[in-house]
>>> print(open('entry-v4.cif').read())   # mmCIF, C-alpha atoms
data_query
#
loop_
_atom_site.label_atom_id
_atom_site.label_comp_id
_atom_site.auth_asym_id
_atom_site.auth_seq_id
_atom_site.Cartn_x
_atom_site.Cartn_y
_atom_site.Cartn_z
CA LEU A 156 17.87 -4.35 3.48
CA GLY A 157 15.51 -1.49 4.22
CA THR A 158 12.20 -1.68 6.08
CA TRP A 159 8.60 -0.58 5.56
CA ASN A 160 6.60 -0.48 8.78
CA VAL A 161 2.86 0.00 8.49
CA LEU A 162 -0.02 0.49 10.93
CA THR A 163 -3.53 0.55 9.43
CA GLY A 164 -6.89 1.19 11.05
CA ARG A 165 -10.14 0.42 9.19
CA PHE A 166 -13.69 1.29 10.17
CA ASN A 167 -16.61 -0.46 8.45
CA TYR A 168 -19.73 1.65 8.87
CA ASN A 169 -21.90 -0.90 7.07
CA SER A 170 -21.68 -3.26 4.10
CA LYS A 171 -21.24 -0.28 1.73
CA TRP A 172 -19.24 2.45 3.48
CA SER A 173 -15.86 2.24 5.17
CA ALA A 174 -12.91 4.46 6.07
CA PHE A 175 -9.25 3.95 6.87
CA ILE A 176 -6.20 5.71 8.27
CA GLU A 177 -2.63 4.51 7.79
CA LEU A 178 0.78 5.41 9.23
CA GLN A 179 4.09 4.36 7.61
CA LEU A 180 7.76 4.60 8.53
CA ARG A 181 10.42 3.52 6.03
CA SER A 182 14.15 3.06 6.46
CA GLN A 183 17.07 2.50 4.10
CA GLN A 184 18.78 0.04 6.46
CA THR A 185 17.29 -2.64 8.72
CA PHE A 186 15.34 -0.54 11.24
CA ASP A 187 17.92 2.23 10.89
CA HIS A 188 18.38 5.35 8.77
CA PHE A 189 14.67 6.09 8.71
CA ASN A 190 14.15 8.60 5.92
CA TYR A 191 10.41 8.59 5.17
CA HIS A 192 7.05 8.79 6.88
CA GLU A 193 3.49 9.21 5.72
CA VAL A 194 0.02 9.68 7.18
CA LYS A 195 -2.98 9.07 4.95
CA GLY A 196 -6.63 8.18 5.02
CA GLY A 197 -9.67 7.75 2.84
CA ILE A 198 -13.33 6.84 2.45
CA ALA A 199 -14.50 3.85 0.41
CA TYR A 200 -17.82 2.80 -1.08
CA ALA A 201 -18.60 -0.77 -2.16
CA ILE A 202 -20.36 -0.45 -5.51
CA SER A 203 -20.91 -4.20 -5.54
CA SER A 204 -19.54 -7.28 -3.78
CA SER A 205 -16.52 -7.22 -6.11
CA LEU A 206 -16.02 -3.52 -6.93
CA THR A 207 -15.03 -0.75 -4.49
CA ALA A 208 -14.29 2.94 -5.09
CA LEU A 209 -12.15 5.06 -2.77
CA VAL A 210 -10.97 8.65 -2.43
CA GLY A 211 -8.02 9.48 -0.18
CA THR A 212 -5.48 12.06 0.82
CA GLY A 213 -2.21 12.05 2.72
CA ARG A 214 0.93 13.85 3.82
CA TYR A 215 4.34 12.41 2.84
CA ILE A 216 7.85 13.52 3.92
CA THR A 217 11.17 12.20 2.54
CA TYR A 218 14.38 12.95 4.46
CA GLN A 219 18.07 12.54 3.70
CA VAL A 220 19.28 8.93 3.86
CA THR A 221 22.46 9.38 5.93
CA ASP A 222 20.74 9.28 9.35
CA ASN A 223 17.35 8.93 11.05
CA PHE A 224 14.98 11.66 9.80
CA LYS A 225 17.92 13.88 8.92
CA THR A 226 16.89 17.42 8.03
CA PRO A 227 16.50 19.42 5.93
CA PHE A 228 14.02 17.07 4.26
CA LEU A 229 14.35 16.30 0.57
CA VAL A 230 10.69 16.39 -0.48
CA SER A 231 7.37 17.14 1.21
CA GLU A 232 4.12 16.21 -0.46
CA THR A 233 0.36 16.47 -0.08
CA ARG A 234 -1.43 13.88 -2.21
CA ILE A 235 -5.00 13.27 -3.33
CA TRP A 236 -6.03 10.08 -5.10
CA GLN A 237 -8.98 8.16 -6.51
CA GLN A 238 -9.01 4.40 -6.96
CA LEU A 239 -11.05 1.38 -7.98
CA ILE A 240 -10.54 -2.13 -6.61
CA TRP A 241 -11.98 -5.13 -8.44
CA ASN A 242 -11.88 -8.52 -6.71
CA GLN A 243 -12.11 -11.91 -8.38
CA SER A 244 -12.54 -15.14 -6.41
CA PHE A 245 -11.60 -18.62 -7.61
CA GLN A 246 -12.62 -20.94 -4.77
CA ALA A 247 -10.16 -20.08 -1.98
CA PHE A 248 -7.86 -17.97 -4.15
CA ARG A 249 -8.61 -14.25 -4.53
CA ILE A 250 -7.21 -11.85 -7.12
CA GLU A 251 -7.37 -8.10 -6.63
CA HIS A 252 -6.93 -5.45 -9.34
CA ARG A 253 -6.30 -1.91 -8.15
CA LEU A 254 -6.30 1.21 -10.35
CA ARG A 255 -5.25 4.53 -8.80
CA ALA A 256 -4.87 8.10 -10.10
CA GLU A 257 -2.81 10.45 -7.92
CA GLN A 258 -2.51 14.23 -7.84
CA ARG A 259 0.78 15.06 -6.11
CA PHE A 260 1.47 18.54 -4.73
CA THR A 261 5.18 18.37 -3.83
CA SER A 262 7.80 20.87 -2.72
CA ASN A 263 9.35 20.32 -6.18
CA GLY A 264 6.15 21.08 -8.07
CA TYR A 265 2.95 19.39 -9.19
CA ARG A 266 2.92 15.86 -10.64
CA ASN A 267 0.41 13.22 -11.72
CA ARG A 268 0.93 9.51 -11.24
CA PHE A 269 -1.08 6.46 -12.30
CA ARG A 270 -0.78 3.06 -10.65
CA TYR A 271 -1.96 -0.46 -11.39
CA ARG A 272 -1.52 -3.33 -8.93
CA ILE A 273 -2.46 -6.97 -9.32
CA SER A 274 -2.35 -9.09 -6.19
CA GLY A 275 -3.34 -12.53 -4.99
CA ILE A 276 -4.10 -14.02 -1.60
CA VAL A 277 -4.72 -17.62 -0.58
CA PRO A 278 -5.55 -19.11 2.87
CA LEU A 279 -3.40 -22.03 4.05
CA ASN A 280 -5.23 -23.68 6.93
CA ASN A 281 -8.85 -22.76 6.18
CA LYS A 282 -11.02 -22.73 3.07
CA THR A 283 -11.52 -18.98 3.43
CA ILE A 284 -9.81 -16.24 5.40
CA THR A 285 -11.60 -16.34 8.72
CA ASN A 286 -10.49 -16.40 12.37
CA LYS A 287 -7.08 -17.99 13.03
CA THR A 288 -6.11 -18.18 9.36
CA LEU A 289 -2.61 -18.29 7.92
CA PHE A 290 -2.36 -16.89 4.39
CA LEU A 291 0.10 -16.15 1.59
CA ASN A 292 -0.10 -13.06 -0.59
CA THR A 293 1.81 -11.56 -3.48
CA SER A 294 1.49 -8.47 -5.67
CA ASN A 295 3.09 -6.60 -8.54
CA GLU A 296 2.52 -2.87 -8.97
CA PHE A 297 3.43 -0.54 -11.83
CA HIS A 298 3.73 3.27 -11.55
CA PHE A 299 3.33 5.52 -14.60
CA ASN A 300 3.67 9.25 -15.28
CA ASN A 301 2.22 11.42 -18.02
CA GLU A 302 5.48 13.37 -18.30
CA GLY A 303 9.16 12.60 -17.78
CA VAL A 304 9.92 8.90 -17.36
CA PHE A 305 6.71 7.09 -18.34
CA PHE A 306 7.37 3.84 -16.39
CA GLU A 307 8.65 5.26 -13.12
CA GLN A 308 8.58 2.42 -10.61
CA ASN A 309 7.81 -1.25 -10.03
CA ARG A 310 7.08 -2.91 -6.67
CA TYR A 311 6.98 -6.67 -6.28
CA TYR A 312 5.80 -8.14 -2.97
CA LEU A 313 5.84 -11.69 -1.61
CA GLY A 314 4.78 -12.48 1.93
CA GLY A 315 2.27 -13.93 4.31
CA GLY A 316 0.31 -13.22 7.41
CA TYR A 317 -2.05 -14.34 10.11
CA ASN A 318 -5.66 -13.24 10.59
CA PHE A 319 -6.40 -13.50 14.32
CA ASN A 320 -10.06 -12.50 14.02
CA SER A 321 -12.31 -9.91 12.37
CA GLN A 322 -10.43 -7.12 14.14
CA LEU A 323 -6.72 -7.95 13.88
CA SER A 324 -4.32 -9.25 11.26
CA VAL A 325 -0.55 -9.07 10.78
CA GLN A 326 1.57 -9.43 7.65
CA MET A 327 5.26 -9.68 6.80
CA GLY A 328 6.99 -9.95 3.46
CA TRP A 329 9.68 -8.95 0.99
CA ILE A 330 9.46 -5.97 -1.38
CA TYR A 331 11.70 -5.63 -4.43
CA ARG A 332 11.48 -2.03 -5.62
CA SER A 333 12.77 -0.81 -8.98
CA ASP A 334 13.01 2.92 -9.75
CA PHE A 335 13.64 4.18 -13.27
CA PHE A 336 15.12 7.55 -14.27
CA ASN A 337 16.14 9.51 -17.34
CA GLN A 338 19.09 8.37 -19.47
CA ASN A 339 18.25 4.69 -18.82
CA ARG A 340 19.34 4.87 -15.20
CA ALA A 341 17.74 2.57 -12.62
CA GLN A 342 17.94 1.78 -8.90
CA TYR A 343 16.97 -1.48 -7.18
CA LYS A 344 16.33 -2.04 -3.47
CA ASN A 345 15.10 -4.83 -1.15
CA PHE A 346 12.82 -4.09 1.80
CA LEU A 347 11.31 -6.05 4.68
CA GLN A 348 7.69 -5.02 5.16
CA THR A 349 5.81 -5.56 8.42
CA SER A 350 2.23 -4.43 8.93
CA VAL A 351 -0.48 -4.55 11.55
CA GLN A 352 -4.12 -3.98 10.59
CA PHE A 353 -6.98 -3.22 12.99
CA THR A 354 -10.59 -3.35 11.79
CA PHE A 355 -13.64 -2.04 13.63
CA SER A 356 -17.24 -2.42 12.51
CA LYS A 357 -20.35 -0.47 13.52
CA SER A 358 -22.70 -3.41 13.04
CA LYS A 359 -22.57 -7.18 12.81
CA ALA A 360 -23.86 -7.16 9.23
CA PRO A 361 -21.51 -8.51 6.53
CA THR A 362 -18.80 -5.92 6.03
CA ILE A 363 -15.81 -5.20 3.85
CA LYS A 364 -12.97 -7.69 4.35
CA ASN A 365 -10.22 -6.56 6.69
CA ILE A 366 -7.51 -8.44 4.84
CA GLY A 367 -5.81 -6.51 2.08
CA LEU A 368 -2.39 -5.54 0.84
CA VAL A 369 -1.05 -2.24 2.10
CA ASP A 370 0.82 0.32 -0.03
#
>>> encode(input="entry-v4.cif", output="structure tokens")
Amino acid sequence: LGTWNVLTGRFNYNSKWSAFIELQLRSQQTFDHFNYHEVKGGIAYAISSSLTALVGTGRYITYQVTDNFKTPFLVSETRIWQQLIWNQSFQAFRIEHRLRAEQRFTSNGYRNRFRYRISGIVPLNNKTITNKTLFLNTSNEFHFNNEGVFFEQNRYYLGGGYNFNSQLSVQMGWIYRSDFFNQNRAQYKNFLQTSVQFTFSKSKAPTIKNIGLVD
């Protein structure tokens, strides 16, 4: 059982503009054999109450799996991406659709990738996600390439969390990751994901929700 450990900071400038920065550490065993880290950030604009556009960039490093951050690293990458998020609400239940196009400048060459994620979140002890709210969330994401293996990866997530207030929420869940390669080869792996999200707002006007699934 590997781990994904995520720390996210969000800043809501107003009801339209927001920004984020995120740090991730991933391991191939339970909090051991850490072989990956990333730092990324982006700026988002709420086109409407249900549609948000975002541009982002990040730095990603993958190391050998036999020890903690064992060098020499396997792949280094600088990534740029554009995405749209469309939210649908059905009483307390919320569905999120995310489309993302990535331009990946790696130490092994340039690649494109296209991602679609559908996710759902439902509060357990309140009618909406507000202060002191327990919630469940799930998602399924598909990764595609325009060359090589077309369907490259699938990530399924099931978990839950607690929203303390408008500034802090925590989540924990299970990720089942499937990677697909040439010659019909595949690799499957289970991960425990833990995440902490901080949200800060410039004004007290209605702002973008701080609850959301991380990568």
>>> closest_atom_pairs(input="entry-v4.cif", of="region 197-250 of chain A", to="region 169-188 of chain A", cutoff="7 Å", atoms="all atoms listed in the file", output="tab-separated table")
residue	atom	partner	partner_atom	distance
A:Gly197	CA	A:Phe175	CA	5.6
A:Ile198	CA	A:Ala174	CA	4.4
A:Ala199	CA	A:Ser173	CA	5.2
A:Tyr200	CA	A:Trp172	CA	4.8
A:Ala201	CA	A:Lys171	CA	4.7
A:Val220	CA	A:His188	CA	6.1
A:Thr221	CA	A:His188	CA	6.4
A:Asp222	CA	A:His188	CA	4.6
A:Asn223	CA	A:His188	CA	4.4
>>> resolve_selection(input="entry-v4.cif", expression="the PyMOL selection byres ((chain A and resi 214) around 6)", output="MDAnalysis selection string")
chainID A and resid 193:194 213 215 232:233
>>> resolve_selection(input="entry-v4.cif", expression="the PyMOL selection byres ((chain A and resi 205-208) around 7)", output="list in words")
Ala199, Tyr200, Ala201, Ile202, Ser203, Ser204, Leu209, Gln238, Leu239, Ile240, Trp241, Asn242 and Gln243 of chain A
>>> resolve_selection(input="entry-v4.cif", expression="the PyMOL selection byres ((chain A and resi 306) around 12)", output="PyMOL selection string")
chain A and resi 268-271+296-305+307-310+333-337+339+341
>>> atom_distance(input="entry-v4.cif", atom1="CA of Arg266 (chain A)", atom2="CA of Gln237 (chain A)")
14.8 Å
>>> residues_around(input="entry-v4.cif", residues="Ala247 (chain A)", least_positions_apart="4", cutoff="9 Å", atoms="all atoms listed in the file", output="MDAnalysis selection string")
chainID A and resid 276:278 281:284
>>> write_last_selection(input="entry-v4.cif", atoms="C-alpha atoms", output="JSON list (two decimals), in the coordinates of the input")
[["chain", "number", "residue", "atom", "x", "y", "z"],
["A", 276, "ILE", "CA", -4.10, -14.02, -1.60],
["A", 277, "VAL", "CA", -4.72, -17.62, -0.58],
["A", 278, "PRO", "CA", -5.55, -19.11, 2.87],
["A", 281, "ASN", "CA", -8.85, -22.76, 6.18],
["A", 282, "LYS", "CA", -11.02, -22.73, 3.07],
["A", 283, "THR", "CA", -11.52, -18.98, 3.43],
["A", 284, "ILE", "CA", -9.81, -16.24, 5.40]]
>>> closest_residue(input="entry-v4.cif", among="A:Thr288, A:Thr261, A:Gln342, A:Ser294", to="Val325 (chain A)", atoms="only C-alpha atoms")
A:Thr288
>>> residues_near_point(input="entry-v4.cif", point="(9.6, -1.1, 2.1)", cutoff="7 Å", atoms="all atoms listed in the file", output="list in words")
Gly157, Thr158, Trp159, Arg181, Ile330, Phe346, Leu347 and Gln348 of chain A
